[in-house]
Amino acid sequence: MDTEIEKIHDNHIEVIQAKGLTLLAKADSGHWITFDANEQVGGNDAAIRPFETFLTSLAGCTAMDVISILKKMKVEFKDFKMNLFVNRAKQHPRIPIEILIEYLFVGDNIPEAKVEKAITLSQDKYCSVSAVVK
């Protein structure tokens, strides 16, 4: 599909209905993901929800940044894990009203100041998903 509208945009996402609210989406990278809703709203409960995907994108974006920045700073660690906690508005559109990101590093003598700097750089400069959330 080579339309005029595609030529003026930086990214293109294609969405195809599989069955009911089960949707397949493909990004410019060529990779497909599946979305669905729970059965109470007409879905098949067969895949991740769109909002969960958005939050996963936020977590993945900042995690990749922080890991890359720390590598450039020559900070070594044995393991990394992240938790993202969200409180959403009670009324629709149920936007996030609070997001807490917990970065967990395992290793010896990990310099806290460098970790804090990497997180700040990710949140304030590099992570495009964080910028959208702000």
# chains A, B, ... in the order shown; residues from 1 in each chain; ligands from 1
$ select_by_dssp --residues "chain A" --states "helix (DSSP H, G or I)" --output "JSON, numbers by chain"
{"A": [4, 5, 6, 7, 39, 40, 41, 50, 51, 52, 53, 54, 55, 56, 57, 58, 59, 60, 61, 62, 63, 64, 65, 66, 67, 68, 69, 70, 71, 72, 112, 113, 114, 115, 116, 117, 118, 119, 120, 121, 122, 123, 124, 125, 126, 128, 129, 130, 131, 132, 133]}
$ write_last_selection --atoms "N, CA and C atoms" --output "compact mmCIF listing (two decimals), in the first residue's frame"
# COMPACT_ATOMS: atom_id res chain seq x y z
N GLU A 4 -0.57 8.40 -0.78
CA GLU A 4 -0.02 9.73 -0.51
C GLU A 4 0.05 10.00 0.99
N ILE A 5 -0.95 9.55 1.75
CA ILE A 5 -0.95 9.81 3.20
C ILE A 5 0.22 9.13 3.89
N GLU A 6 0.61 7.93 3.44
CA GLU A 6 1.75 7.23 4.03
C GLU A 6 3.05 8.00 3.82
N LYS A 7 3.19 8.65 2.71
CA LYS A 7 4.44 9.32 2.35
C LYS A 7 4.73 10.53 3.24
N GLU A 39 -13.72 -10.82 27.66
CA GLU A 39 -14.99 -11.33 27.14
C GLU A 39 -16.19 -10.47 27.56
N GLN A 40 -16.10 -9.79 28.70
CA GLN A 40 -17.21 -8.96 29.18
C GLN A 40 -17.53 -7.80 28.22
N VAL A 41 -16.55 -7.38 27.43
CA VAL A 41 -16.79 -6.28 26.49
C VAL A 41 -16.78 -6.74 25.04
N PRO A 50 -4.63 -3.11 24.60
CA PRO A 50 -3.90 -1.97 24.05
C PRO A 50 -3.24 -1.10 25.13
N PHE A 51 -3.93 -0.84 26.23
CA PHE A 51 -3.34 0.00 27.28
C PHE A 51 -2.15 -0.70 27.92
N GLU A 52 -2.24 -2.01 28.10
CA GLU A 52 -1.10 -2.76 28.65
C GLU A 52 0.09 -2.67 27.70
N THR A 53 -0.17 -2.69 26.41
CA THR A 53 0.90 -2.57 25.43
C THR A 53 1.56 -1.20 25.53
N PHE A 54 0.74 -0.17 25.71
CA PHE A 54 1.27 1.18 25.89
C PHE A 54 2.21 1.23 27.10
N LEU A 55 1.76 0.66 28.22
CA LEU A 55 2.60 0.66 29.43
C LEU A 55 3.85 -0.18 29.24
N THR A 56 3.72 -1.29 28.53
CA THR A 56 4.88 -2.12 28.23
C THR A 56 5.87 -1.36 27.35
N SER A 57 5.35 -0.56 26.44
CA SER A 57 6.22 0.28 25.60
C SER A 57 6.98 1.30 26.42
N LEU A 58 6.31 1.89 27.39
CA LEU A 58 6.97 2.84 28.29
C LEU A 58 8.10 2.14 29.05
N ALA A 59 7.79 0.98 29.62
CA ALA A 59 8.80 0.24 30.38
C ALA A 59 9.96 -0.18 29.49
N GLY A 60 9.66 -0.70 28.33
CA GLY A 60 10.72 -1.15 27.42
C GLY A 60 11.59 -0.01 26.93
N CYS A 61 10.97 1.11 26.62
CA CYS A 61 11.70 2.28 26.13
C CYS A 61 12.71 2.78 27.15
N THR A 62 12.25 3.01 28.37
CA THR A 62 13.16 3.55 29.38
C THR A 62 14.17 2.49 29.84
N ALA A 63 13.78 1.22 29.87
CA ALA A 63 14.73 0.17 30.24
C ALA A 63 15.87 0.09 29.24
N MET A 64 15.53 0.11 27.96
CA MET A 64 16.58 0.06 26.93
C MET A 64 17.52 1.26 27.04
N ASP A 65 16.94 2.43 27.27
CA ASP A 65 17.76 3.64 27.44
C ASP A 65 18.71 3.49 28.61
N VAL A 66 18.17 3.14 29.77
CA VAL A 66 18.97 3.08 30.99
C VAL A 66 20.09 2.05 30.84
N ILE A 67 19.77 0.88 30.32
CA ILE A 67 20.79 -0.15 30.12
C ILE A 67 21.88 0.35 29.17
N SER A 68 21.48 0.98 28.06
CA SER A 68 22.44 1.48 27.08
C SER A 68 23.31 2.59 27.65
N ILE A 69 22.70 3.50 28.37
CA ILE A 69 23.44 4.61 28.97
C ILE A 69 24.45 4.09 30.00
N LEU A 70 24.02 3.17 30.84
CA LEU A 70 24.93 2.61 31.84
C LEU A 70 26.09 1.86 31.18
N LYS A 71 25.81 1.19 30.07
CA LYS A 71 26.88 0.50 29.34
C LYS A 71 27.91 1.51 28.84
N LYS A 72 27.42 2.64 28.30
CA LYS A 72 28.33 3.70 27.83
C LYS A 72 29.13 4.30 28.98
N GLU A 112 25.35 4.59 42.47
CA GLU A 112 23.98 5.10 42.50
C GLU A 112 23.82 6.39 41.69
N ALA A 113 24.81 7.26 41.75
CA ALA A 113 24.73 8.53 41.02
C ALA A 113 24.64 8.30 39.51
N LYS A 114 25.37 7.32 39.01
CA LYS A 114 25.34 7.04 37.58
C LYS A 114 24.00 6.41 37.18
N VAL A 115 23.46 5.57 38.03
CA VAL A 115 22.15 4.98 37.76
C VAL A 115 21.09 6.09 37.72
N GLU A 116 21.13 6.98 38.70
CA GLU A 116 20.18 8.09 38.74
C GLU A 116 20.32 8.98 37.50
N LYS A 117 21.54 9.22 37.07
CA LYS A 117 21.76 10.05 35.88
C LYS A 117 21.21 9.36 34.63
N ALA A 118 21.43 8.05 34.52
CA ALA A 118 20.92 7.30 33.38
C ALA A 118 19.39 7.33 33.33
N ILE A 119 18.77 7.18 34.49
CA ILE A 119 17.30 7.23 34.56
C ILE A 119 16.79 8.61 34.17
N THR A 120 17.42 9.63 34.70
CA THR A 120 17.02 11.01 34.37
C THR A 120 17.17 11.29 32.88
N LEU A 121 18.30 10.88 32.30
CA LEU A 121 18.50 11.08 30.86
C LEU A 121 17.43 10.37 30.05
N SER A 122 17.10 9.16 30.46
CA SER A 122 16.06 8.42 29.76
C SER A 122 14.73 9.15 29.85
N GLN A 123 14.33 9.49 31.07
CA GLN A 123 13.02 10.09 31.30
C GLN A 123 12.90 11.49 30.70
N ASP A 124 13.97 12.26 30.72
CA ASP A 124 13.89 13.67 30.30
C ASP A 124 14.39 13.95 28.89
N LYS A 125 15.16 13.02 28.30
CA LYS A 125 15.77 13.33 27.01
C LYS A 125 15.52 12.28 25.93
N TYR A 126 15.70 11.01 26.26
CA TYR A 126 15.75 10.00 25.21
C TYR A 126 14.48 9.19 24.98
N SER A 128 11.08 8.43 24.04
CA SER A 128 9.95 9.14 23.39
C SER A 128 8.62 8.77 24.03
N VAL A 129 8.49 7.56 24.56
CA VAL A 129 7.24 7.18 25.22
C VAL A 129 7.07 7.96 26.52
N SER A 130 8.15 8.15 27.26
CA SER A 130 8.10 8.97 28.48
C SER A 130 7.67 10.39 28.15
N ALA A 131 8.20 10.91 27.06
CA ALA A 131 7.84 12.28 26.66
C ALA A 131 6.35 12.39 26.35
N VAL A 132 5.77 11.38 25.75
CA VAL A 132 4.34 11.38 25.45
C VAL A 132 3.54 11.34 26.75
N VAL A 133 3.99 10.53 27.69
CA VAL A 133 3.29 10.39 28.98
C VAL A 133 3.29 11.72 29.74
$ select_by_dssp --residues "region 17-112 of chain A" --states "strand (DSSP E or B)" --output "VMD selection string"
chain A and resid 17 to 19 22 to 26 32 to 35 48 79 to 88 96 to 106
$ write_last_selection --atoms "N, CA and C atoms" --output "compact mmCIF listing (two decimals), in the first residue's frame"
# COMPACT_ATOMS: atom_id res chain seq x y z
N GLN A 17 -8.48 -6.74 11.61
CA GLN A 17 -9.38 -7.45 12.51
C GLN A 17 -9.26 -8.94 12.24
N ALA A 18 -8.96 -9.72 13.30
CA ALA A 18 -8.88 -11.17 13.16
C ALA A 18 -10.25 -11.80 13.44
N LYS A 19 -10.81 -11.47 14.62
CA LYS A 19 -12.11 -12.01 15.01
C LYS A 19 -12.65 -11.15 16.15
N THR A 22 -10.38 -9.11 18.53
CA THR A 22 -9.01 -9.57 18.38
C THR A 22 -8.44 -8.92 17.13
N LEU A 23 -7.38 -8.16 17.33
CA LEU A 23 -6.77 -7.39 16.25
C LEU A 23 -5.30 -7.74 16.09
N LEU A 24 -4.82 -7.67 14.88
CA LEU A 24 -3.40 -7.84 14.59
C LEU A 24 -2.88 -6.49 14.12
N ALA A 25 -1.72 -6.10 14.63
CA ALA A 25 -1.13 -4.82 14.25
C ALA A 25 0.33 -5.04 13.84
N LYS A 26 0.72 -4.39 12.75
CA LYS A 26 2.09 -4.50 12.26
C LYS A 26 2.68 -3.10 12.16
N TRP A 32 4.52 -8.28 13.94
CA TRP A 32 3.11 -8.25 14.29
C TRP A 32 2.92 -8.42 15.79
N ILE A 33 1.90 -7.75 16.34
CA ILE A 33 1.47 -8.00 17.71
C ILE A 33 -0.05 -8.19 17.68
N THR A 34 -0.55 -8.84 18.71
CA THR A 34 -1.98 -9.11 18.80
C THR A 34 -2.56 -8.36 19.97
N PHE A 35 -3.73 -7.77 19.77
CA PHE A 35 -4.48 -7.09 20.83
C PHE A 35 -5.82 -7.81 21.01
N ILE A 48 -2.87 -9.43 24.79
CA ILE A 48 -2.64 -8.26 25.63
C ILE A 48 -3.60 -7.13 25.23
N ASP A 79 22.48 -8.24 36.76
CA ASP A 79 21.11 -8.47 36.35
C ASP A 79 20.31 -7.18 36.48
N PHE A 80 19.23 -7.10 35.73
CA PHE A 80 18.36 -5.93 35.73
C PHE A 80 16.92 -6.40 35.68
N LYS A 81 16.08 -5.70 36.41
CA LYS A 81 14.64 -5.96 36.37
C LYS A 81 13.93 -4.63 36.58
N MET A 82 12.74 -4.52 36.03
CA MET A 82 11.97 -3.30 36.19
C MET A 82 10.54 -3.67 36.54
N ASN A 83 9.94 -2.87 37.40
CA ASN A 83 8.52 -2.97 37.70
C ASN A 83 7.89 -1.62 37.41
N LEU A 84 6.72 -1.64 36.80
CA LEU A 84 5.99 -0.43 36.50
C LEU A 84 4.61 -0.57 37.16
N PHE A 85 4.27 0.37 38.01
CA PHE A 85 3.00 0.37 38.73
C PHE A 85 2.18 1.56 38.27
N VAL A 86 0.90 1.36 38.01
CA VAL A 86 0.05 2.42 37.46
C VAL A 86 -1.26 2.51 38.22
N ASN A 87 -1.65 3.73 38.55
CA ASN A 87 -3.00 4.03 39.02
C ASN A 87 -3.69 4.79 37.92
N ARG A 88 -4.91 4.33 37.59
CA ARG A 88 -5.66 4.95 36.50
C ARG A 88 -6.88 5.67 37.04
N PRO A 96 -3.77 7.20 32.85
CA PRO A 96 -2.93 7.01 34.03
C PRO A 96 -2.83 8.31 34.82
N ILE A 97 -3.04 8.23 36.13
CA ILE A 97 -2.90 9.42 36.96
C ILE A 97 -1.62 9.36 37.78
N GLU A 98 -1.05 8.17 37.88
CA GLU A 98 0.23 8.01 38.58
C GLU A 98 0.94 6.79 38.01
N ILE A 99 2.21 6.98 37.67
CA ILE A 99 3.04 5.88 37.18
C ILE A 99 4.32 5.87 38.01
N LEU A 100 4.61 4.74 38.60
CA LEU A 100 5.83 4.55 39.38
C LEU A 100 6.67 3.49 38.68
N ILE A 101 7.90 3.83 38.38
CA ILE A 101 8.81 2.89 37.74
C ILE A 101 9.91 2.55 38.74
N GLU A 102 10.08 1.26 38.96
CA GLU A 102 11.10 0.76 39.88
C GLU A 102 12.17 0.03 39.06
N TYR A 103 13.40 0.54 39.10
CA TYR A 103 14.53 -0.06 38.41
C TYR A 103 15.33 -0.85 39.44
N LEU A 104 15.56 -2.12 39.18
CA LEU A 104 16.28 -2.97 40.13
C LEU A 104 17.54 -3.52 39.46
N PHE A 105 18.67 -3.26 40.08
CA PHE A 105 19.95 -3.72 39.56
C PHE A 105 20.60 -4.66 40.56
N VAL A 106 21.22 -5.70 40.06
CA VAL A 106 21.96 -6.64 40.89
C VAL A 106 23.42 -6.55 40.47
$ residues_around --residues "Leu21 (chain A)" --least-positions-apart "4" --cutoff "8 Å" --atoms "only C-alpha atoms" --output "MDAnalysis selection string"
chainID A and resid 17 35:37 42:44
